Amino acid sequence: MSPFRGSAVFTESWQNFDFALEDGVATVTFSRPDKLNALTFDVYADLRDLLGELPHRGDVRVLVLTGEGRGFCSGGDVEEIIGELQKMSAGELLDFTRMSGAVVKAMREAPLPIVAAVNGVAAGAGAVLALAADLRLVARSAKFAFLFTRVGLAGADMGAAYLLPRLVGLGKATELLLLGDEVDAEGAAAIGLATRVVDDDELPAAANDLARSLAKGPALAHATTKVLLTRELDMSLGDAIEMEALAQALLMKSDDFGEFYAAWTEGRSPAWTGR
C-alpha cells in the first residue's frame with residue numbers, strides 16, 4: 001500500500017461495471033450485455049474514478065478491460081447519452097467531453113499495463129478505450145469502428161486523433177477516423193491495432209495468461225517503460241535519450257535489478273518484488 005495516499009478508503013465495489021482483483025490483476029468488465037455494453041454517464045464517471053485510484057492501491061500491477069456477452073463496448077448509449085446531450089448547455093457539454101477525455105488520459109498515464117480483451121464489437125468510444133490500452137487481445141469475431149463522423153461529430157474524440165496515428169500511421173488513421181469504416185480482427189492485426197488475435201473461446205484464458213505474466217514480472221520496470229513510452233511521444237530524440245538515461249540509472253538501484261543479478265549468479269529465476 002502506498003504511504004503517500006490520504007485517509008480515504010479505496011472503493012471495492014463499483015455500481016456501473018463489474019470489478020475484480022486477484023493476484024495483482026484488476027479486471028473491469030463492462031456489464032450491460034443487452035446494450036452491447038454501451039456507455040452511460042455513470043460508467044464514464046466510475047471508470048475515471050477507478051483509474052484515479054488504481055495506481056495508489058499498491059496491490060494492482062495490471063488492469064484488464066473486457067465486456068460481458070458478445071460485445072466489448074459499443075460506445076455511448078444513444079438514449080442515455082446522445083439523447084441527453086441534445087438538452088445540455090455548452091458548459092455542460094464541455095464538462096462531459098472533458099470527463100470522457102479524462103478516462104483516456106488516466107489510462108495512458110496510469111503507471112501499470114492495461115490489457116484490452118476485445119470480445120466482439122468495439123465501436124465509437126469503445127474503440128477509443130481499446131486504443132488507449134497498452135495491449136489489445138482481440139477475438140476473431142471482434143470489429144473496430146471509430147464511428148464519430150457517422151453521427152455528425154469529429155472523428156477526433158477522446159484523444160483518438162492523437163493516439164491512432166501513432167499506432168497505425170497517419171494515412172490509415174485518417175481513413176478510419178474520417179470514414180468510420182469497420183475493421184475486423186485480422187485487419188486490425190495487419191495495421192497494428194491488435195496485439196494478437198485469438199479464437200473467441202480462447203480470449204478469456206489468453207487475457208488471463210498475459211495479465212498474470214505481467215503481474216508476476218518486474219512491476220517497476222513495466223511502469224517505467226509505460227511512462228517513458230507515453231512521455232516521449234512529444235520529445236526530441238535528445239530529450240528522450242536523457243529521460244531514458246535518468247530512468248535507467250534510477251532502476252539500476254532498484255531491488256529488482258539487484259535480484260536479477262543475484263538470481264543469475266545462483267542459477268535460479270528472479271523473485272520480482274516491483275521495488
# chains A, B, ... in the order shown; residues from 1 in each chain; ligands from 1
>>> select_by_dssp(residues="stretch 144-194 of chain A", states="alpha helix (DSSP H)", output="PDB file with N, CA and C atoms, in the first residue's frame")
ATOM      1  N   ALA A 160      -8.496  10.245 -29.825  1.00  0.00           N
ATOM      2  CA  ALA A 160      -8.329   9.304 -30.928  1.00  0.00           C
ATOM      3  C   ALA A 160      -7.381   9.834 -31.999  1.00  0.00           C
ATOM      4  N   ALA A 161      -7.474  11.126 -32.313  1.00  0.00           N
ATOM      5  CA  ALA A 161      -6.636  11.694 -33.372  1.00  0.00           C
ATOM      6  C   ALA A 161      -5.190  11.868 -32.922  1.00  0.00           C
ATOM      7  N   TYR A 162      -4.939  11.751 -31.650  1.00  0.00           N
ATOM      8  CA  TYR A 162      -3.568  11.756 -31.116  1.00  0.00           C
ATOM      9  C   TYR A 162      -3.008  10.337 -31.089  1.00  0.00           C
ATOM     10  N   LEU A 163      -3.779   9.403 -30.564  1.00  0.00           N
ATOM     11  CA  LEU A 163      -3.279   8.047 -30.335  1.00  0.00           C
ATOM     12  C   LEU A 163      -3.239   7.195 -31.603  1.00  0.00           C
ATOM     13  N   LEU A 164      -4.298   7.246 -32.412  1.00  0.00           N
ATOM     14  CA  LEU A 164      -4.395   6.310 -33.533  1.00  0.00           C
ATOM     15  C   LEU A 164      -3.285   6.502 -34.578  1.00  0.00           C
ATOM     16  N   PRO A 165      -2.950   7.735 -34.994  1.00  0.00           N
ATOM     17  CA  PRO A 165      -1.847   7.873 -35.966  1.00  0.00           C
ATOM     18  C   PRO A 165      -0.525   7.340 -35.440  1.00  0.00           C
ATOM     19  N   ARG A 166      -0.316   7.414 -34.134  1.00  0.00           N
ATOM     20  CA  ARG A 166       0.929   6.933 -33.555  1.00  0.00           C
ATOM     21  C   ARG A 166       0.978   5.403 -33.522  1.00  0.00           C
ATOM     22  N   LEU A 167      -0.179   4.780 -33.629  1.00  0.00           N
ATOM     23  CA  LEU A 167      -0.238   3.322 -33.597  1.00  0.00           C
ATOM     24  C   LEU A 167      -0.266   2.726 -34.997  1.00  0.00           C
ATOM     25  N   VAL A 168      -1.057   3.323 -35.899  1.00  0.00           N
ATOM     26  CA  VAL A 168      -1.252   2.720 -37.225  1.00  0.00           C
ATOM     27  C   VAL A 168      -0.750   3.593 -38.361  1.00  0.00           C
ATOM     28  N   LEU A 170      -0.436   7.863 -39.963  1.00  0.00           N
ATOM     29  CA  LEU A 170      -1.372   8.951 -40.256  1.00  0.00           C
ATOM     30  C   LEU A 170      -2.352   8.592 -41.357  1.00  0.00           C
ATOM     31  N   GLY A 171      -1.870   7.933 -42.413  1.00  0.00           N
ATOM     32  CA  GLY A 171      -2.759   7.624 -43.527  1.00  0.00           C
ATOM     33  C   GLY A 171      -3.907   6.723 -43.123  1.00  0.00           C
ATOM     34  N   LYS A 172      -3.596   5.632 -42.426  1.00  0.00           N
ATOM     35  CA  LYS A 172      -4.645   4.700 -42.022  1.00  0.00           C
ATOM     36  C   LYS A 172      -5.544   5.321 -40.968  1.00  0.00           C
ATOM     37  N   ALA A 173      -4.961   6.097 -40.045  1.00  0.00           N
ATOM     38  CA  ALA A 173      -5.777   6.757 -39.028  1.00  0.00           C
ATOM     39  C   ALA A 173      -6.747   7.745 -39.669  1.00  0.00           C
ATOM     40  N   THR A 174      -6.283   8.475 -40.676  1.00  0.00           N
ATOM     41  CA  THR A 174      -7.160   9.413 -41.383  1.00  0.00           C
ATOM     42  C   THR A 174      -8.335   8.679 -42.004  1.00  0.00           C
ATOM     43  N   GLU A 175      -8.056   7.553 -42.630  1.00  0.00           N
ATOM     44  CA  GLU A 175      -9.116   6.745 -43.241  1.00  0.00           C
ATOM     45  C   GLU A 175     -10.122   6.277 -42.194  1.00  0.00           C
ATOM     46  N   LEU A 176      -9.643   5.741 -41.101  1.00  0.00           N
ATOM     47  CA  LEU A 176     -10.541   5.188 -40.088  1.00  0.00           C
ATOM     48  C   LEU A 176     -11.363   6.268 -39.395  1.00  0.00           C
ATOM     49  N   LEU A 177     -10.733   7.415 -39.096  1.00  0.00           N
ATOM     50  CA  LEU A 177     -11.441   8.466 -38.358  1.00  0.00           C
ATOM     51  C   LEU A 177     -12.355   9.287 -39.257  1.00  0.00           C
ATOM     52  N   LEU A 178     -12.004   9.450 -40.527  1.00  0.00           N
ATOM     53  CA  LEU A 178     -12.877  10.191 -41.443  1.00  0.00           C
ATOM     54  C   LEU A 178     -14.077   9.364 -41.885  1.00  0.00           C
ATOM     55  N   LEU A 179     -13.825   8.122 -42.270  1.00  0.00           N
ATOM     56  CA  LEU A 179     -14.878   7.305 -42.876  1.00  0.00           C
ATOM     57  C   LEU A 179     -15.681   6.507 -41.867  1.00  0.00           C
ATOM     58  N   ALA A 185     -10.969  -8.320 -37.070  1.00  0.00           N
ATOM     59  CA  ALA A 185      -9.833  -8.671 -36.219  1.00  0.00           C
ATOM     60  C   ALA A 185      -8.551  -8.834 -37.026  1.00  0.00           C
ATOM     61  N   GLU A 186      -8.629  -9.538 -38.146  1.00  0.00           N
ATOM     62  CA  GLU A 186      -7.430  -9.748 -38.955  1.00  0.00           C
ATOM     63  C   GLU A 186      -6.933  -8.437 -39.543  1.00  0.00           C
ATOM     64  N   GLY A 187      -7.865  -7.584 -39.935  1.00  0.00           N
ATOM     65  CA  GLY A 187      -7.470  -6.273 -40.439  1.00  0.00           C
ATOM     66  C   GLY A 187      -6.821  -5.428 -39.360  1.00  0.00           C
ATOM     67  N   ALA A 188      -7.339  -5.529 -38.142  1.00  0.00           N
ATOM     68  CA  ALA A 188      -6.750  -4.794 -37.023  1.00  0.00           C
ATOM     69  C   ALA A 188      -5.336  -5.272 -36.743  1.00  0.00           C
ATOM     70  N   ALA A 189      -5.117  -6.577 -36.846  1.00  0.00           N
ATOM     71  CA  ALA A 189      -3.773  -7.121 -36.642  1.00  0.00           C
ATOM     72  C   ALA A 189      -2.826  -6.644 -37.732  1.00  0.00           C
ATOM     73  N   ALA A 190      -3.332  -6.573 -38.964  1.00  0.00           N
ATOM     74  CA  ALA A 190      -2.485  -6.193 -40.098  1.00  0.00           C
ATOM     75  C   ALA A 190      -1.990  -4.757 -39.988  1.00  0.00           C
ATOM     76  N   ILE A 191      -2.769  -3.872 -39.378  1.00  0.00           N
ATOM     77  CA  ILE A 191      -2.357  -2.465 -39.283  1.00  0.00           C
ATOM     78  C   ILE A 191      -1.744  -2.129 -37.926  1.00  0.00           C
TER      79      ILE A 191
END
>>> residues_around(residues="A:Glu109", least_positions_apart="3", cutoff="7 Å", atoms="only C-alpha atoms", output="list in words")
Lys105, Ala106 and Val227 of chain A
>>> atom_distance(atom1="atom CA of A:Leu250", atom2="atom CA of A:Leu112")
18.0 Å
>>> residues_around(residues="A:Phe260", least_positions_apart="6", cutoff="9 Å", atoms="only C-alpha atoms", output="PDB file with C-alpha atoms, in the first residue's frame")
ATOM      1  CA  SER A 269      14.616 -17.440 -11.691  1.00  0.00           C
ATOM      2  CA  PRO A 270      14.283 -13.909 -10.261  1.00  0.00           C
ATOM      3  CA  ALA A 271      11.715 -13.310  -7.495  1.00  0.00           C
ATOM      4  CA  TRP A 272      10.457  -9.907  -8.585  1.00  0.00           C
TER       5      TRP A 272
END
>>> closest_residue(among="A:Glu266, A:Val121, A:Thr224, A:Ala207", to="A:Leu246", atoms="only C-alpha atoms")
A:Thr224
>>> closest_residue(among="A:Thr97, A:Ser89, A:Thr66, A:Ser74", to="A:Ala117", atoms="only C-alpha atoms")
A:Thr66
>>> residues_around(residues="A:Leu251", least_positions_apart="5", cutoff="12 Å", atoms="only C-alpha atoms", output="list in words")
Pro218, Ala219, Leu220, Ala221, His222, Ala223, Thr224, Thr225, Glu244, Ala245, Leu246, Asp256, Phe257, Gly258, Glu259, Phe260, Gly274 and Arg275 of chain A
>>> write_last_selection(atoms="N, CA, C and O atoms", output="PDB file, in the first residue's frame")
ATOM      1  N   PRO A 218       8.585  -7.775 -13.294  1.00  0.00           N
ATOM      2  CA  PRO A 218       9.151  -6.611 -12.581  1.00  0.00           C
ATOM      3  C   PRO A 218       8.269  -5.372 -12.767  1.00  0.00           C
ATOM      4  O   PRO A 218       8.397  -4.631 -13.746  1.00  0.00           O
ATOM      5  N   ALA A 219       7.369  -5.149 -11.826  1.00  0.00           N
ATOM      6  CA  ALA A 219       6.351  -4.104 -11.969  1.00  0.00           C
ATOM      7  C   ALA A 219       6.949  -2.714 -12.137  1.00  0.00           C
ATOM      8  O   ALA A 219       6.432  -1.888 -12.891  1.00  0.00           O
ATOM      9  N   LEU A 220       8.032  -2.421 -11.443  1.00  0.00           N
ATOM     10  CA  LEU A 220       8.642  -1.095 -11.559  1.00  0.00           C
ATOM     11  C   LEU A 220       9.196  -0.893 -12.964  1.00  0.00           C
ATOM     12  O   LEU A 220       9.071   0.194 -13.541  1.00  0.00           O
ATOM     13  N   ALA A 221       9.798  -1.921 -13.532  1.00  0.00           N
ATOM     14  CA  ALA A 221      10.306  -1.832 -14.898  1.00  0.00           C
ATOM     15  C   ALA A 221       9.165  -1.646 -15.894  1.00  0.00           C
ATOM     16  O   ALA A 221       9.258  -0.854 -16.836  1.00  0.00           O
ATOM     17  N   HIS A 222       8.061  -2.364 -15.691  1.00  0.00           N
ATOM     18  CA  HIS A 222       6.902  -2.214 -16.566  1.00  0.00           C
ATOM     19  C   HIS A 222       6.335  -0.796 -16.472  1.00  0.00           C
ATOM     20  O   HIS A 222       6.031  -0.164 -17.493  1.00  0.00           O
ATOM     21  N   ALA A 223       6.171  -0.313 -15.252  1.00  0.00           N
ATOM     22  CA  ALA A 223       5.603   1.019 -15.059  1.00  0.00           C
ATOM     23  C   ALA A 223       6.479   2.087 -15.697  1.00  0.00           C
ATOM     24  O   ALA A 223       5.984   3.007 -16.370  1.00  0.00           O
ATOM     25  N   THR A 224       7.784   1.979 -15.503  1.00  0.00           N
ATOM     26  CA  THR A 224       8.696   2.976 -16.060  1.00  0.00           C
ATOM     27  C   THR A 224       8.688   2.942 -17.575  1.00  0.00           C
ATOM     28  O   THR A 224       8.705   3.986 -18.242  1.00  0.00           O
ATOM     29  N   THR A 225       8.628   1.743 -18.141  1.00  0.00           N
ATOM     30  CA  THR A 225       8.564   1.613 -19.594  1.00  0.00           C
ATOM     31  C   THR A 225       7.331   2.301 -20.140  1.00  0.00           C
ATOM     32  O   THR A 225       7.401   3.056 -21.130  1.00  0.00           O
ATOM     33  N   GLU A 244      15.552   8.689 -20.695  1.00  0.00           N
ATOM     34  CA  GLU A 244      15.807   7.258 -20.515  1.00  0.00           C
ATOM     35  C   GLU A 244      17.070   7.019 -19.689  1.00  0.00           C
ATOM     36  O   GLU A 244      17.131   6.081 -18.889  1.00  0.00           O
ATOM     37  N   ALA A 245      18.081   7.873 -19.870  1.00  0.00           N
ATOM     38  CA  ALA A 245      19.298   7.720 -19.075  1.00  0.00           C
ATOM     39  C   ALA A 245      19.016   7.921 -17.592  1.00  0.00           C
ATOM     40  O   ALA A 245      19.489   7.147 -16.739  1.00  0.00           O
ATOM     41  N   LEU A 246      18.227   8.943 -17.267  1.00  0.00           N
ATOM     42  CA  LEU A 246      17.879   9.198 -15.869  1.00  0.00           C
ATOM     43  C   LEU A 246      17.077   8.034 -15.291  1.00  0.00           C
ATOM     44  O   LEU A 246      17.351   7.566 -14.175  1.00  0.00           O
ATOM     45  N   ASP A 256      14.785  -4.971  -7.830  1.00  0.00           N
ATOM     46  CA  ASP A 256      14.591  -5.953  -8.892  1.00  0.00           C
ATOM     47  C   ASP A 256      15.846  -6.133  -9.736  1.00  0.00           C
ATOM     48  O   ASP A 256      16.162  -7.255 -10.161  1.00  0.00           O
ATOM     49  N   PHE A 257      16.553  -5.052 -10.005  1.00  0.00           N
ATOM     50  CA  PHE A 257      17.788  -5.175 -10.796  1.00  0.00           C
ATOM     51  C   PHE A 257      18.831  -5.975 -10.024  1.00  0.00           C
ATOM     52  O   PHE A 257      19.504  -6.849 -10.573  1.00  0.00           O
ATOM     53  N   GLY A 258      18.922  -5.706  -8.720  1.00  0.00           N
ATOM     54  CA  GLY A 258      19.830  -6.492  -7.887  1.00  0.00           C
ATOM     55  C   GLY A 258      19.413  -7.941  -7.798  1.00  0.00           C
ATOM     56  O   GLY A 258      20.246  -8.857  -7.805  1.00  0.00           O
ATOM     57  N   GLU A 259      18.089  -8.173  -7.747  1.00  0.00           N
ATOM     58  CA  GLU A 259      17.572  -9.537  -7.691  1.00  0.00           C
ATOM     59  C   GLU A 259      17.884 -10.302  -8.975  1.00  0.00           C
ATOM     60  O   GLU A 259      18.195 -11.489  -8.933  1.00  0.00           O
ATOM     61  N   PHE A 260      17.806  -9.608 -10.115  1.00  0.00           N
ATOM     62  CA  PHE A 260      18.160 -10.292 -11.359  1.00  0.00           C
ATOM     63  C   PHE A 260      19.592 -10.818 -11.296  1.00  0.00           C
ATOM     64  O   PHE A 260      19.855 -11.977 -11.642  1.00  0.00           O
ATOM     65  N   GLY A 274       8.872  -5.751  -7.574  1.00  0.00           N
ATOM     66  CA  GLY A 274       8.315  -4.494  -8.045  1.00  0.00           C
ATOM     67  C   GLY A 274       8.891  -3.284  -7.333  1.00  0.00           C
ATOM     68  O   GLY A 274       8.316  -2.192  -7.408  1.00  0.00           O
ATOM     69  N   ARG A 275      10.035  -3.456  -6.693  1.00  0.00           N
ATOM     70  CA  ARG A 275      10.681  -2.333  -5.988  1.00  0.00           C
ATOM     71  C   ARG A 275      12.110  -2.162  -6.473  1.00  0.00           C
ATOM     72  O   ARG A 275      12.718  -3.098  -6.947  1.00  0.00           O
TER      73      ARG A 275
END
>>> select_by_dssp(residues="stretch 119-221 of chain A", states="strand (DSSP E)", output="PyMOL selection string")
chain A and resi 121-123+135-139+143-145+183-184+196-198
>>> residues_around(residues="stretch 83-85 of chain A", least_positions_apart="3", cutoff="12 Å", atoms="only C-alpha atoms", output="PDB file with N, CA and C atoms, in the first residue's frame")
ATOM      1  N   THR A  40     -22.678   4.784 -20.327  1.00  0.00           N
ATOM      2  CA  THR A  40     -23.546   5.823 -19.787  1.00  0.00           C
ATOM      3  C   THR A  40     -22.677   6.865 -19.096  1.00  0.00           C
ATOM      4  N   PHE A  41     -23.280   7.973 -18.681  1.00  0.00           N
ATOM      5  CA  PHE A  41     -22.532   8.981 -17.936  1.00  0.00           C
ATOM      6  C   PHE A  41     -21.904   8.372 -16.687  1.00  0.00           C
ATOM      7  N   GLY A  76     -21.102   5.198 -26.792  1.00  0.00           N
ATOM      8  CA  GLY A  76     -22.088   5.881 -25.962  1.00  0.00           C
ATOM      9  C   GLY A  76     -23.502   5.413 -26.244  1.00  0.00           C
ATOM     10  N   ASP A  77     -24.264   5.192 -25.202  1.00  0.00           N
ATOM     11  CA  ASP A  77     -25.653   4.766 -25.318  1.00  0.00           C
ATOM     12  C   ASP A  77     -26.472   5.867 -26.006  1.00  0.00           C
ATOM     13  N   VAL A  78     -27.148   5.508 -27.095  1.00  0.00           N
ATOM     14  CA  VAL A  78     -27.876   6.505 -27.885  1.00  0.00           C
ATOM     15  C   VAL A  78     -28.941   7.199 -27.052  1.00  0.00           C
ATOM     16  N   GLU A  79     -29.668   6.441 -26.235  1.00  0.00           N
ATOM     17  CA  GLU A  79     -30.737   7.031 -25.434  1.00  0.00           C
ATOM     18  C   GLU A  79     -30.198   7.746 -24.203  1.00  0.00           C
ATOM     19  N   GLU A  80     -29.289   7.081 -23.482  1.00  0.00           N
ATOM     20  CA  GLU A  80     -28.872   7.602 -22.181  1.00  0.00           C
ATOM     21  C   GLU A  80     -27.788   8.667 -22.264  1.00  0.00           C
ATOM     22  N   MET A  88     -28.430  19.691 -23.304  1.00  0.00           N
ATOM     23  CA  MET A  88     -27.444  20.329 -22.435  1.00  0.00           C
ATOM     24  C   MET A  88     -26.960  21.662 -22.973  1.00  0.00           C
ATOM     25  N   SER A  89     -26.519  22.496 -22.044  1.00  0.00           N
ATOM     26  CA  SER A  89     -25.897  23.767 -22.409  1.00  0.00           C
ATOM     27  C   SER A  89     -24.467  23.514 -22.880  1.00  0.00           C
ATOM     28  N   ALA A  90     -23.858  24.542 -23.471  1.00  0.00           N
ATOM     29  CA  ALA A  90     -22.477  24.405 -23.941  1.00  0.00           C
ATOM     30  C   ALA A  90     -21.535  24.058 -22.795  1.00  0.00           C
ATOM     31  N   GLY A  91     -21.745  24.649 -21.638  1.00  0.00           N
ATOM     32  CA  GLY A  91     -20.902  24.363 -20.487  1.00  0.00           C
ATOM     33  C   GLY A  91     -21.036  22.935 -20.017  1.00  0.00           C
ATOM     34  N   GLU A  92     -22.252  22.424 -20.013  1.00  0.00           N
ATOM     35  CA  GLU A  92     -22.471  21.034 -19.605  1.00  0.00           C
ATOM     36  C   GLU A  92     -21.862  20.062 -20.613  1.00  0.00           C
ATOM     37  N   LEU A  93     -21.952  20.390 -21.887  1.00  0.00           N
ATOM     38  CA  LEU A  93     -21.354  19.542 -22.911  1.00  0.00           C
ATOM     39  C   LEU A  93     -19.840  19.490 -22.750  1.00  0.00           C
ATOM     40  N   LEU A  94     -19.239  20.619 -22.433  1.00  0.00           N
ATOM     41  CA  LEU A  94     -17.788  20.645 -22.234  1.00  0.00           C
ATOM     42  C   LEU A  94     -17.395  19.828 -21.008  1.00  0.00           C
ATOM     43  N   ASP A  95     -18.214  19.895 -19.965  1.00  0.00           N
ATOM     44  CA  ASP A  95     -17.947  19.060 -18.790  1.00  0.00           C
ATOM     45  C   ASP A  95     -17.936  17.581 -19.177  1.00  0.00           C
ATOM     46  N   PHE A  96     -18.887  17.187 -20.025  1.00  0.00           N
ATOM     47  CA  PHE A  96     -18.951  15.783 -20.442  1.00  0.00           C
ATOM     48  C   PHE A  96     -17.758  15.391 -21.291  1.00  0.00           C
ATOM     49  N   THR A  97     -17.437  16.193 -22.319  1.00  0.00           N
ATOM     50  CA  THR A  97     -16.339  15.818 -23.205  1.00  0.00           C
ATOM     51  C   THR A  97     -15.006  15.800 -22.453  1.00  0.00           C
TER      52      THR A  97
END
>>> closest_residue(among="A:Thr273, A:Ser100, A:Ser31, A:Gln86", to="A:Asp157", atoms="only C-alpha atoms")
A:Ser100
>>> closest_atom_pairs(of="stretch 176-199 of chain A", to="stretch 124-147 of chain A", cutoff="6 Å", atoms="only C-alpha atoms", output="JSON lines")
{"residue": "A:Leu177", "atom": "CA", "partner": "A:Phe146", "partner_atom": "CA", "distance": 5.8}
{"residue": "A:Gly180", "atom": "CA", "partner": "A:Leu147", "partner_atom": "CA", "distance": 4.6}
{"residue": "A:Asp181", "atom": "CA", "partner": "A:Ala145", "partner_atom": "CA", "distance": 5.9}
{"residue": "A:Glu182", "atom": "CA", "partner": "A:Ala145", "partner_atom": "CA", "distance": 4.6}
{"residue": "A:Val183", "atom": "CA", "partner": "A:Phe144", "partner_atom": "CA", "distance": 5.1}
{"residue": "A:Asp184", "atom": "CA", "partner": "A:Lys143", "partner_atom": "CA", "distance": 4.5}
{"residue": "A:Ala185", "atom": "CA", "partner": "A:Arg140", "partner_atom": "CA", "distance": 5.4}
{"residue": "A:Ala194", "atom": "CA", "partner": "A:Arg136", "partner_atom": "CA", "distance": 5.3}
{"residue": "A:Thr195", "atom": "CA", "partner": "A:Arg136", "partner_atom": "CA", "distance": 5.0}
{"residue": "A:Arg196", "atom": "CA", "partner": "A:Leu137", "partner_atom": "CA", "distance": 5.2}
{"residue": "A:Val197", "atom": "CA", "partner": "A:Val138", "partner_atom": "CA", "distance": 4.8}
{"residue": "A:Val198", "atom": "CA", "partner": "A:Ala139", "partner_atom": "CA", "distance": 5.2}
{"residue": "A:Asp199", "atom": "CA", "partner": "A:Arg140", "partner_atom": "CA", "distance": 5.5}
>>> closest_residue(among="A:Lys87, A:Arg48, A:Arg212, A:Arg32", to="A:Arg108", atoms="only C-alpha atoms")
A:Arg48
>>> atom_distance(atom1="atom CA of A:Met107", atom2="atom CA of A:Leu228")
14.2 Å
